[in-house]
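Peer 1: This one is start.cif, mmCIF, C-alpha atoms.
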data_data
#
loop_
_atom_site.label_atom_id
_atom_site.label_comp_id
_atom_site.auth_asym_id
_atom_site.auth_seq_id
_atom_site.Cartn_x
_atom_site.Cartn_y
_atom_site.Cartn_z
CA MET A 14 30.54 7.92 18.71
CA ARG A 15 31.98 8.82 15.29
CA ARG A 16 30.83 5.52 13.75
CA PHE A 17 27.30 6.02 15.11
CA HIS A 18 27.29 9.60 13.84
CA PHE A 19 28.26 8.36 10.37
CA LEU A 20 25.57 5.65 10.38
CA VAL A 21 22.80 8.08 11.30
CA CYS A 22 23.94 10.60 8.70
CA LEU A 23 24.03 7.88 6.07
CA LEU A 24 20.60 6.44 6.81
CA PHE A 25 18.77 9.59 7.82
CA ALA A 26 19.56 12.59 5.65
CA PRO A 27 18.89 15.98 7.29
CA ALA A 28 16.04 17.25 5.09
CA LEU A 29 12.81 16.67 7.04
CA HIS A 30 9.39 17.18 5.47
CA ALA A 31 7.04 19.26 7.55
CA ALA A 32 3.64 17.61 7.10
CA GLU A 33 4.33 14.13 8.46
CA PRO A 34 2.59 12.46 11.45
CA GLU A 35 4.04 13.76 14.74
CA PRO A 36 5.62 10.48 16.00
CA ASP A 37 7.54 10.07 12.72
CA ARG A 38 8.77 13.65 12.83
CA GLU A 39 9.77 13.54 16.49
CA LEU A 40 11.67 10.29 15.97
CA ALA A 41 13.46 11.73 12.94
CA GLU A 42 14.26 14.96 14.79
CA SER A 43 15.81 12.96 17.60
CA LEU A 44 17.98 10.93 15.22
CA LEU A 45 18.98 14.07 13.36
CA ALA A 46 19.99 15.72 16.63
CA ILE A 47 22.15 12.66 17.42
CA SER A 48 23.86 12.92 14.04
CA GLN A 49 24.68 16.56 14.84
CA SER A 50 25.93 15.73 18.38
CA ARG A 51 23.04 17.64 20.01
CA MET A 52 22.51 14.94 22.63
CA PRO A 53 20.46 16.87 25.24
CA GLU A 54 18.04 18.02 22.55
CA ALA A 55 17.80 14.51 21.11
CA LEU A 56 17.04 13.08 24.55
CA ASP A 57 14.37 15.72 25.25
CA THR A 58 12.66 14.93 21.95
CA VAL A 59 12.64 11.16 22.34
CA ASP A 60 11.69 11.44 26.01
CA ARG A 61 8.62 13.44 25.00
CA LEU A 62 7.83 10.79 22.40
CA THR A 63 7.98 7.92 24.91
CA ARG A 64 5.72 9.83 27.31
CA THR A 65 3.04 10.42 24.68
CA HIS A 66 3.43 6.94 23.13
CA PRO A 67 4.52 4.60 25.95
CA ASN A 68 4.24 1.50 23.74
CA PHE A 69 6.51 2.84 20.96
CA ARG A 70 9.36 0.32 21.24
CA LEU A 71 11.57 1.96 18.64
CA ALA A 72 11.48 5.24 20.57
CA TYR A 73 12.61 3.42 23.72
CA LEU A 74 15.47 1.85 21.77
CA VAL A 75 16.71 5.29 20.72
CA LYS A 76 16.25 6.60 24.25
CA GLY A 77 18.34 3.73 25.61
CA ASP A 78 21.08 4.57 23.13
CA LEU A 79 21.10 8.19 24.27
CA LEU A 80 21.33 7.29 27.95
CA ARG A 81 24.16 4.87 27.23
CA ALA A 82 25.98 7.54 25.21
CA ARG A 83 26.58 9.46 28.45
CA ALA A 84 29.01 6.76 29.53
CA LYS A 85 30.21 5.05 26.37
CA PRO A 86 30.46 5.91 22.65
CA LEU A 87 27.72 4.36 20.51
CA ARG A 88 28.60 2.18 17.56
CA THR A 89 25.22 1.70 15.91
CA LEU A 90 21.47 2.08 16.42
CA GLY A 91 20.36 -0.21 19.22
CA ASP A 92 23.73 -0.28 20.97
CA ALA A 93 22.24 0.06 24.45
CA GLY A 94 22.14 -3.67 25.02
CA SER A 95 18.48 -3.62 26.09
CA VAL A 96 17.51 -5.86 23.20
CA ALA A 97 19.47 -8.95 22.14
CA ASP A 98 21.31 -8.37 18.85
CA GLY A 99 19.20 -10.60 16.64
CA PRO A 100 16.04 -10.60 14.49
CA GLU A 101 14.04 -8.51 16.97
CA LEU A 102 16.64 -5.74 17.09
CA GLU A 103 17.11 -5.83 13.33
CA SER A 104 13.36 -5.42 12.82
CA LEU A 105 13.47 -2.23 14.92
CA ARG A 106 16.38 -0.96 12.83
CA GLN A 107 14.38 -1.68 9.68
CA GLU A 108 11.43 0.23 11.09
CA ALA A 109 13.70 3.18 11.87
CA ARG A 110 15.04 3.19 8.32
CA GLN A 111 11.56 3.05 6.77
CA ARG A 112 10.04 5.68 9.05
CA VAL A 113 12.78 8.21 8.52
CA ARG A 114 13.15 7.37 4.85
CA ALA A 115 9.64 8.74 4.36
CA LEU A 116 10.86 12.03 5.81
CA THR A 117 14.23 12.28 4.11
CA ASP A 118 13.76 10.79 0.63
CA GLU A 119 12.70 12.96 -2.25
CA ASP A 120 9.13 13.91 -1.41
CA PRO A 121 6.66 12.51 -4.00
CA ALA A 122 4.04 15.14 -3.07
CA ASP A 123 4.58 16.91 -6.40
CA LYS A 124 3.97 13.65 -8.25
CA VAL A 125 1.16 11.12 -8.34
CA PRO A 126 0.96 7.33 -8.57
CA ALA A 127 0.77 6.42 -12.26
CA TYR A 128 -2.32 4.24 -11.66
CA LEU A 129 -4.83 6.97 -10.78
CA LEU A 130 -5.95 8.05 -14.26
CA ASN A 131 -9.53 9.14 -13.57
CA LEU A 132 -11.45 8.99 -10.28
CA SER A 133 -15.21 8.53 -10.21
CA ASP A 134 -17.34 11.52 -9.16
CA ASP A 135 -18.65 9.65 -6.12
CA ALA A 136 -15.22 8.47 -4.95
CA ARG A 137 -14.13 10.98 -2.31
CA ASN A 138 -10.73 9.37 -1.71
CA VAL A 139 -8.39 6.64 -2.92
CA LEU A 140 -5.60 4.91 -0.98
CA VAL A 141 -2.24 3.75 -2.35
CA VAL A 142 0.14 1.39 -0.53
CA ASP A 143 3.83 1.50 -1.48
CA ALA A 144 5.25 -1.69 0.02
CA SER A 145 8.86 -0.70 -0.73
CA ARG A 146 8.48 2.40 1.46
CA SER A 147 6.19 0.83 4.13
CA ARG A 148 3.82 3.70 3.40
CA LEU A 149 0.11 4.22 2.77
CA TYR A 150 -0.88 7.41 0.95
CA ALA A 151 -4.37 8.90 1.10
CA TYR A 152 -5.54 10.95 -1.89
CA GLU A 153 -8.53 13.23 -2.20
CA ASN A 154 -10.52 13.32 -5.44
CA ARG A 155 -10.55 16.85 -6.80
CA GLY A 156 -12.34 16.98 -10.12
CA GLY A 157 -11.27 13.45 -11.03
CA LEU A 158 -7.61 14.05 -10.14
CA PRO A 159 -5.89 12.82 -6.96
CA VAL A 160 -4.35 15.22 -4.44
CA ARG A 161 -2.33 13.76 -1.55
CA VAL A 162 -3.77 14.65 1.85
CA ALA A 163 -2.05 12.23 4.29
CA ASP A 164 0.34 9.33 4.58
CA PHE A 165 1.11 6.70 7.19
CA TYR A 166 3.76 4.13 8.13
CA VAL A 167 2.41 0.59 7.58
CA THR A 168 3.41 -3.01 8.07
CA ILE A 169 2.87 -5.56 5.29
CA GLY A 170 3.23 -9.35 4.99
CA LYS A 171 6.20 -11.18 6.48
CA ALA A 172 7.06 -12.56 3.02
CA GLY A 173 6.49 -9.27 1.20
CA VAL A 174 3.96 -8.76 -1.59
CA GLY A 175 2.50 -10.86 -4.41
CA LYS A 176 -0.01 -13.05 -2.59
CA GLN A 177 -0.82 -16.33 -4.35
CA ARG A 178 -1.97 -18.80 -1.72
CA GLU A 179 -3.72 -18.97 1.63
CA GLY A 180 -1.12 -18.75 4.37
CA ASP A 181 1.79 -17.54 2.23
CA ASN A 182 2.19 -14.44 4.46
CA ARG A 183 2.18 -12.11 1.46
CA THR A 184 0.20 -8.94 0.85
CA PRO A 185 -1.61 -8.96 -2.51
CA ILE A 186 -0.71 -6.65 -5.39
CA GLY A 187 -3.74 -5.18 -7.11
CA ILE A 188 -6.74 -2.87 -6.83
CA TYR A 189 -9.33 -3.57 -4.15
CA THR A 190 -12.36 -1.94 -2.58
CA ILE A 191 -12.83 -1.40 1.15
CA SER A 192 -15.98 -3.42 1.69
CA GLY A 193 -16.68 -2.72 5.36
CA PHE A 194 -15.41 -2.05 8.87
CA LYS A 195 -15.13 -4.38 11.85
CA PRO A 196 -15.12 -2.53 15.20
CA PRO A 197 -12.91 -3.65 18.10
CA SER A 198 -15.95 -5.22 19.80
CA GLU A 199 -16.04 -7.86 17.03
CA LEU A 200 -12.31 -8.59 17.13
CA THR A 201 -9.53 -9.63 19.45
CA ASP A 202 -6.97 -7.13 20.73
CA PHE A 203 -4.60 -8.30 17.99
CA TYR A 204 -6.47 -6.05 15.52
CA GLY A 205 -6.29 -2.97 17.73
CA SER A 206 -8.78 -0.20 16.99
CA GLY A 207 -10.57 -2.09 14.22
CA ALA A 208 -10.23 -3.46 10.71
CA TYR A 209 -11.29 -2.36 7.23
CA THR A 210 -12.02 -5.41 5.08
CA LEU A 211 -10.72 -5.59 1.49
CA SER A 212 -12.29 -7.25 -1.55
CA TYR A 213 -9.42 -9.73 -1.95
CA PRO A 214 -9.55 -11.93 -3.95
CA ASN A 215 -11.12 -9.85 -6.72
CA GLU A 216 -12.34 -11.42 -9.95
CA TRP A 217 -8.91 -11.10 -11.58
CA ASP A 218 -7.22 -12.82 -8.61
CA VAL A 219 -9.74 -15.65 -8.84
CA ARG A 220 -9.08 -16.05 -12.54
CA GLN A 221 -5.33 -16.25 -11.82
CA GLY A 222 -5.92 -19.01 -9.27
CA ARG A 223 -5.05 -16.87 -6.26
CA ASP A 224 -6.81 -17.76 -3.05
CA GLY A 225 -6.88 -16.78 0.61
CA HIS A 226 -9.13 -14.45 2.53
CA GLY A 227 -9.20 -11.99 5.43
CA ILE A 228 -6.87 -9.39 3.91
CA TRP A 229 -7.63 -6.30 5.98
CA ILE A 230 -6.29 -2.88 6.88
CA HIS A 231 -6.22 -2.98 10.67
CA GLY A 232 -4.68 -1.62 13.86
CA SER A 233 -2.08 -2.95 16.28
CA PRO A 234 -2.36 -4.72 19.66
CA SER A 235 -2.83 -2.34 22.58
CA ASN A 236 0.66 -3.09 23.95
CA THR A 237 2.33 -2.31 20.61
CA TYR A 238 2.56 1.12 19.00
CA SER A 239 3.69 -0.28 15.66
CA ARG A 240 5.09 -3.43 14.11
CA ALA A 241 8.13 -4.12 11.92
CA PRO A 242 7.88 -3.35 8.19
CA LEU A 243 7.45 -7.06 7.34
CA ALA A 244 5.44 -8.61 10.17
CA SER A 245 1.80 -9.33 9.20
CA GLU A 246 0.24 -12.42 7.69
CA GLY A 247 -0.69 -10.44 4.59
CA CYS A 248 -2.70 -7.54 5.98
CA VAL A 249 -1.78 -3.86 5.96
CA VAL A 250 -1.27 -2.78 9.58
CA LEU A 251 -1.14 0.71 11.10
CA ALA A 252 -0.70 2.20 14.55
CA ASN A 253 -4.12 2.53 16.19
CA GLU A 254 -4.18 6.32 16.17
CA ASP A 255 -3.19 6.29 12.50
CA LEU A 256 -6.00 3.85 11.68
CA LYS A 257 -8.47 6.23 13.30
CA ARG A 258 -7.10 9.11 11.22
CA LEU A 259 -7.24 6.97 8.10
CA GLY A 260 -10.97 6.48 8.69
CA ASP A 261 -11.51 10.11 7.67
CA TYR A 262 -10.55 9.10 4.12
CA ILE A 263 -12.62 5.92 3.80
CA GLN A 264 -16.14 5.28 2.50
CA PRO A 265 -16.84 1.55 2.81
CA GLY A 266 -18.12 0.20 -0.47
CA LYS A 267 -16.56 3.05 -2.46
CA THR A 268 -12.96 3.70 -1.43
CA GLN A 269 -10.45 1.80 -3.53
CA VAL A 270 -7.00 0.69 -2.41
CA VAL A 271 -4.10 0.24 -4.83
CA ILE A 272 -1.33 -2.00 -3.45
CA ALA A 273 1.99 -1.88 -5.30
CA ALA A 274 5.38 -3.42 -4.66
CA GLN A 275 6.90 -0.06 -5.53
CA VAL A 276 4.80 2.90 -6.63
CA ASP A 277 5.56 4.39 -10.02
CA TRP A 278 5.53 8.16 -9.36
CA VAL A 279 4.87 10.45 -12.33
CA PRO A 280 4.11 14.16 -12.84
CA TYR A 281 0.41 15.03 -13.05
CA ASP A 282 0.60 15.87 -16.74
CA ALA A 283 1.99 12.40 -17.48
CA LEU A 284 -1.46 11.00 -16.68
CA ASP A 285 -3.17 12.94 -19.44
CA ALA A 286 -2.15 10.91 -22.50
CA ARG A 287 -2.98 7.51 -20.98
CA ARG A 288 -6.22 8.81 -19.45
CA ASN A 289 -7.35 10.26 -22.77
CA GLU A 290 -6.37 7.08 -24.59
CA LEU A 291 -8.39 4.80 -22.34
CA ALA A 292 -11.34 7.20 -22.19
CA ALA A 293 -11.44 7.20 -26.00
CA VAL A 294 -11.25 3.39 -26.11
CA LEU A 295 -14.14 3.13 -23.65
CA ASP A 296 -16.24 5.56 -25.66
CA GLU A 297 -15.50 3.62 -28.85
CA TRP A 298 -16.72 0.42 -27.16
CA ARG A 299 -19.92 2.23 -26.15
CA GLU A 300 -20.52 3.48 -29.71
CA ASP A 301 -19.82 0.02 -31.16
CA TRP A 302 -22.44 -1.44 -28.83
CA GLU A 303 -24.97 1.21 -29.88
CA SER A 304 -24.33 0.38 -33.55
CA ARG A 305 -25.91 -3.10 -33.07
CA ASP A 306 -23.14 -4.37 -35.33
CA THR A 307 -22.12 -7.47 -33.38
CA PRO A 308 -18.77 -8.16 -35.15
CA ARG A 309 -17.82 -4.52 -34.63
CA LEU A 310 -18.67 -4.77 -30.93
CA LEU A 311 -16.83 -8.07 -30.48
CA ALA A 312 -13.63 -6.54 -31.90
CA ASN A 313 -13.31 -4.84 -28.51
CA TYR A 314 -13.00 -8.17 -26.68
CA SER A 315 -9.96 -10.39 -26.20
CA ALA A 316 -9.99 -14.01 -27.34
CA SER A 317 -9.34 -14.81 -23.66
CA PHE A 318 -12.39 -12.83 -22.51
CA ARG A 319 -14.43 -14.08 -19.56
CA ALA A 320 -17.64 -12.85 -17.96
CA GLY A 321 -18.20 -15.13 -15.01
CA ARG A 322 -18.18 -18.64 -16.47
CA GLN A 323 -18.97 -17.41 -19.97
CA ASN A 324 -16.14 -17.33 -22.56
CA LEU A 325 -15.98 -15.19 -25.70
CA GLN A 326 -17.84 -17.76 -27.83
CA GLY A 327 -20.79 -17.91 -25.46
CA PHE A 328 -20.79 -14.14 -25.01
CA ALA A 329 -20.72 -13.59 -28.80
CA ALA A 330 -23.62 -15.97 -29.41
CA ASN A 331 -25.72 -14.21 -26.79
CA LYS A 332 -24.91 -10.73 -28.17
CA GLN A 333 -25.80 -11.83 -31.69
CA LYS A 334 -29.17 -13.11 -30.50
CA VAL A 335 -29.96 -10.05 -28.39
CA ASN A 336 -28.90 -7.49 -31.01
CA ALA A 337 -31.06 -9.18 -33.63
CA ALA A 338 -34.13 -8.30 -31.55
CA LYS A 339 -33.21 -4.61 -31.21
CA THR A 340 -34.19 -1.68 -33.40
CA TRP A 341 -32.10 0.77 -31.37
CA ILE A 342 -29.69 0.82 -28.42
CA LYS A 343 -28.45 3.71 -26.30
CA VAL A 344 -25.69 3.28 -23.69
CA GLY A 345 -24.77 5.98 -21.18
CA LEU A 346 -21.75 5.82 -18.88
CA SER A 347 -21.37 7.77 -15.65
CA ARG A 348 -19.15 7.66 -12.53
CA VAL A 349 -16.28 6.44 -14.70
CA ASN A 350 -13.22 5.29 -12.76
CA ILE A 351 -10.04 4.38 -14.69
CA MET A 352 -6.95 2.90 -13.04
CA LEU A 353 -3.84 1.22 -14.35
CA TYR A 354 -2.98 -1.98 -12.54
CA PRO A 355 0.20 -1.89 -10.41
CA GLU A 356 3.21 -3.65 -11.96
CA ARG A 357 1.32 -3.89 -15.30
CA PRO A 358 1.32 -0.63 -17.32
CA ASP A 359 -0.70 -2.22 -20.14
CA PHE A 360 -3.48 -3.50 -17.91
CA ALA A 361 -6.33 -1.38 -16.55
CA LEU A 362 -9.39 -1.65 -14.34
CA VAL A 363 -12.35 0.43 -15.52
CA SER A 364 -15.58 0.75 -13.57
CA PHE A 365 -18.71 2.79 -14.28
CA VAL A 366 -22.47 3.00 -13.95
CA GLN A 367 -24.03 1.79 -17.19
CA ASP A 368 -27.42 3.09 -18.31
CA TYR A 369 -28.69 0.79 -21.06
CA GLN A 370 -31.82 1.54 -23.07
CA SER A 371 -33.29 -0.15 -26.12
CA ASN A 372 -36.65 -0.54 -27.79
CA ASN A 373 -37.60 -3.35 -25.38
CA LEU A 374 -35.39 -2.93 -22.26
CA SER A 375 -34.07 -0.33 -19.82
CA ASP A 376 -31.39 -1.30 -17.32
CA ARG A 377 -28.95 0.40 -14.96
CA THR A 378 -25.99 -1.51 -13.54
CA LEU A 379 -22.52 -1.09 -12.09
CA LYS A 380 -19.92 -2.69 -14.34
CA ARG A 381 -16.23 -3.53 -13.89
CA GLN A 382 -13.97 -4.31 -16.84
CA PHE A 383 -10.33 -5.35 -16.99
CA TRP A 384 -8.68 -4.11 -20.19
CA ALA A 385 -5.33 -5.29 -21.58
CA ARG A 386 -3.28 -3.98 -24.48
CA GLU A 387 -2.89 -6.78 -27.03
CA ASN A 388 -0.83 -6.21 -30.17
CA GLY A 389 -1.15 -2.47 -29.76
CA ARG A 390 -4.91 -2.39 -29.11
CA TRP A 391 -6.80 -2.25 -25.83
CA LYS A 392 -9.27 -5.12 -25.38
CA ILE A 393 -11.59 -6.33 -22.63
CA VAL A 394 -10.38 -9.51 -20.95
CA GLN A 395 -12.74 -9.65 -17.96
CA GLU A 396 -16.17 -8.16 -17.27
CA THR A 397 -18.41 -8.21 -14.21
CA SER A 398 -21.84 -6.70 -13.67
CA LEU A 399 -22.56 -5.93 -10.02
#
What does the file become when written as structure tokens?
Peer 2:
Amino acid sequence: MRRFHFLVCLLFAPALHAAEPEPDRELAESLLAISQSRMPEALDTVDRLTRTHPNFRLAYLVKGDLLRARAKPLRTLGDAGSVADGPELESLRQEARQRVRALTDEDPADKVPAYLLNLSDDARNVLVVDASRSRLYAYENRGGLPVRVADFYVTIGKAGVGKQREGDNRTPIGIYTISGFKPPSELTDFYGSGAYTLSYPNEWDVRQGRDGHGIWIHGSPSNTYSRAPLASEGCVVLANEDLKRLGDYIQPGKTQVVIAAQVDWVPYDALDARRNELAAVLDEWREDWESRDTPRLLANYSASFRAGRQNLQGFAANKQKVNAAKTWIKVGLSRVNIMLYPERPDFALVSFVQDYQSNNLSDRTLKRQFWARENGRWKIVQETSL
């Protein structure tokens, strides 16, 4: 029993956070009670968990350990012999570590993912997936700043993150939009209570030669409460009841999802300098366009710039021709959304509604721009009008 006690104490520190989903907390409370030799209490807790979630395999594993402990000291998690000691048992141990880690690690609630610089007025929420923690965080937009309102245990690709090819079993790293929802009636039981579709591959993925499709956020089969941390073919997978809760924070067509290998957590005030810097760069681009000075405008674009199939040379020629026919230009930007790209601190995705007016044209469009810092200056490397 002493070895098991040591293992639980090592993996599952005693500080539990209060606002976590009930199954996570009950599981952690049971393991904590084991570590403190409070076996009857631990069994009561996990027994309640298996009654309310009869398909929660990890809870049954812990319950089996507790029943076995009445007759024989336990050596490690999953010592009941109900599951062969192999990959399946190890996946349950990994799930236990990840679930309780979310409750016992330093809580990032007082910090924010470094990517969320400025949220658009019409974006009610944004989601962030931290693959290293097997966690999805939901943030609410409060005056352009993110405030965490929920988080969930998730499964990602069998091969981890960094999707490149169809069938590589990896979850992509990047920023995507939830484009729609597929109800259970349109899917097999494998997807559980439904699936939110993601805009993978986005235009930057396509430019990098990444392919594949069908990257979704979906539920679990009806006979499975949850899956191992690395078990999907690239999707982000939740327990069915968690997926239903997550729906409260999703607006298809608007809600963005940031997927990172490991989230960079920073204090709120650390966002200010980078947000102000990129906001100023965007405003300078707008003013340069209004100036009708084509060379001045083009200084904002990278030599590697692309807009669809058009390169910088073609774009420059078109701008020169169009500006020559203008006597004035006014450009207004609204619903500005600024995000740093995960794993790339000098790369940003900026989206906004563009109101363009000139002496011979008025136009309103949604625009997405990828900006990169090159030799100390931010420049546009990719642009899409939607």
Peer 1: Step by step, work through what the PyMOL selection byres ((chain A and resi 186-196) around 6) selects in the shown file, and finish by giving those residues as a list in words.
Peer 2: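 Checking the PyMOL selection byres ((chain A and resi 186-196) around 6) against this file, the residues are Gly175, Pro185, Pro197, Ser198, Glu199, Gly207, Ala208, Tyr209, Thr210, Leu211, Ser212, Pro265, Gly266, Thr268, Gln269, Val270, Val271, Ile272 and Ala273 of chain A.
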Peer 1: Closest to Gly260 of chain A among A:Ile342, A:Cys248, A:Val366, A:Ala151, using all atoms listed in the file?
Peer 2: A:Ala151
Peer 1: Could you tell me which of A:Gln395, A:Asn215, A:Asn131, A:Gln49 comes closest to Ala286 of chain A if we count only C-alpha atoms?
Peer 2: A:Asn131
Peer 1: Apply the PyMOL selection byres ((chain A and resi 56) around 10) to the displayed file and report the matching residues as a list in words.
Peer 2: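 That expression, the PyMOL selection byres ((chain A and resi 56) around 10), corresponds here to Ser43, Leu44, Ala46, Ile47, Arg51, Met52, Pro53, Glu54, Ala55, Asp57, Thr58, Val59, Asp60, Arg61, Leu62, Val75, Lys76, Gly77, Asp78, Leu79 and Leu80 of chain A.
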Peer 1: For the atom pair atom CA of Arg223 of chain A and atom CA of Arg178 of chain A, what is the interatomic distance in Å to one decimal place?
Peer 2: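 Atom-to-atom, atom CA of Arg223 of chain A to atom CA of Arg178 of chain A, that is 5.8 Å.
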Peer 1: Restricted to C-alpha atoms, what does segment 332-373 of chain A look like when written out as a PDB file, in the first residue's frame?
Peer 2:
ATOM      1  CA  LYS A 332      -3.102  48.590 -57.009  1.00  0.00           C
ATOM      2  CA  GLN A 333      -1.141  51.011 -59.176  1.00  0.00           C
ATOM      3  CA  LYS A 334      -3.831  50.889 -61.850  1.00  0.00           C
ATOM      4  CA  VAL A 335      -6.733  51.242 -59.419  1.00  0.00           C
ATOM      5  CA  ASN A 336      -5.183  54.066 -57.383  1.00  0.00           C
ATOM      6  CA  ALA A 337      -4.479  56.053 -60.540  1.00  0.00           C
ATOM      7  CA  ALA A 338      -8.233  56.266 -61.136  1.00  0.00           C
ATOM      8  CA  LYS A 339      -9.027  57.539 -57.627  1.00  0.00           C
ATOM      9  CA  THR A 340      -9.294  61.101 -56.372  1.00  0.00           C
ATOM     10  CA  TRP A 341      -9.927  59.987 -52.784  1.00  0.00           C
ATOM     11  CA  ILE A 342     -10.120  56.799 -50.708  1.00  0.00           C
ATOM     12  CA  LYS A 343     -11.544  56.197 -47.242  1.00  0.00           C
ATOM     13  CA  VAL A 344     -11.115  52.869 -45.414  1.00  0.00           C
ATOM     14  CA  GLY A 345     -12.950  52.022 -42.200  1.00  0.00           C
ATOM     15  CA  LEU A 346     -12.234  48.949 -40.070  1.00  0.00           C
ATOM     16  CA  SER A 347     -14.651  47.403 -37.592  1.00  0.00           C
ATOM     17  CA  ARG A 348     -15.029  44.090 -35.709  1.00  0.00           C
ATOM     18  CA  VAL A 349     -11.247  43.855 -35.510  1.00  0.00           C
ATOM     19  CA  ASN A 350      -9.935  40.522 -34.229  1.00  0.00           C
ATOM     20  CA  ILE A 351      -6.191  40.133 -33.556  1.00  0.00           C
ATOM     21  CA  MET A 352      -4.577  36.833 -32.583  1.00  0.00           C
ATOM     22  CA  LEU A 353      -1.011  35.618 -32.411  1.00  0.00           C
ATOM     23  CA  TYR A 354      -0.491  32.248 -34.033  1.00  0.00           C
ATOM     24  CA  PRO A 355       0.359  29.363 -31.658  1.00  0.00           C
ATOM     25  CA  GLU A 356       4.026  28.325 -31.667  1.00  0.00           C
ATOM     26  CA  ARG A 357       4.896  31.478 -33.690  1.00  0.00           C
ATOM     27  CA  PRO A 358       5.096  34.668 -31.575  1.00  0.00           C
ATOM     28  CA  ASP A 359       5.988  36.792 -34.619  1.00  0.00           C
ATOM     29  CA  PHE A 360       3.046  35.652 -36.721  1.00  0.00           C
ATOM     30  CA  ALA A 361      -0.509  36.952 -36.381  1.00  0.00           C
ATOM     31  CA  LEU A 362      -3.964  36.467 -37.847  1.00  0.00           C
ATOM     32  CA  VAL A 363      -5.978  39.672 -38.171  1.00  0.00           C
ATOM     33  CA  SER A 364      -9.581  39.767 -39.344  1.00  0.00           C
ATOM     34  CA  PHE A 365     -11.996  42.677 -39.689  1.00  0.00           C
ATOM     35  CA  VAL A 366     -14.916  44.132 -41.601  1.00  0.00           C
ATOM     36  CA  GLN A 367     -13.564  46.569 -44.183  1.00  0.00           C
ATOM     37  CA  ASP A 368     -15.659  49.516 -45.344  1.00  0.00           C
ATOM     38  CA  TYR A 369     -14.055  50.900 -48.503  1.00  0.00           C
ATOM     39  CA  GLN A 370     -15.226  54.106 -50.166  1.00  0.00           C
ATOM     40  CA  SER A 371     -13.771  56.115 -53.016  1.00  0.00           C
ATOM     41  CA  ASN A 372     -14.941  58.573 -55.628  1.00  0.00           C
ATOM     42  CA  ASN A 373     -16.201  55.729 -57.842  1.00  0.00           C
TER      43      ASN A 373
END
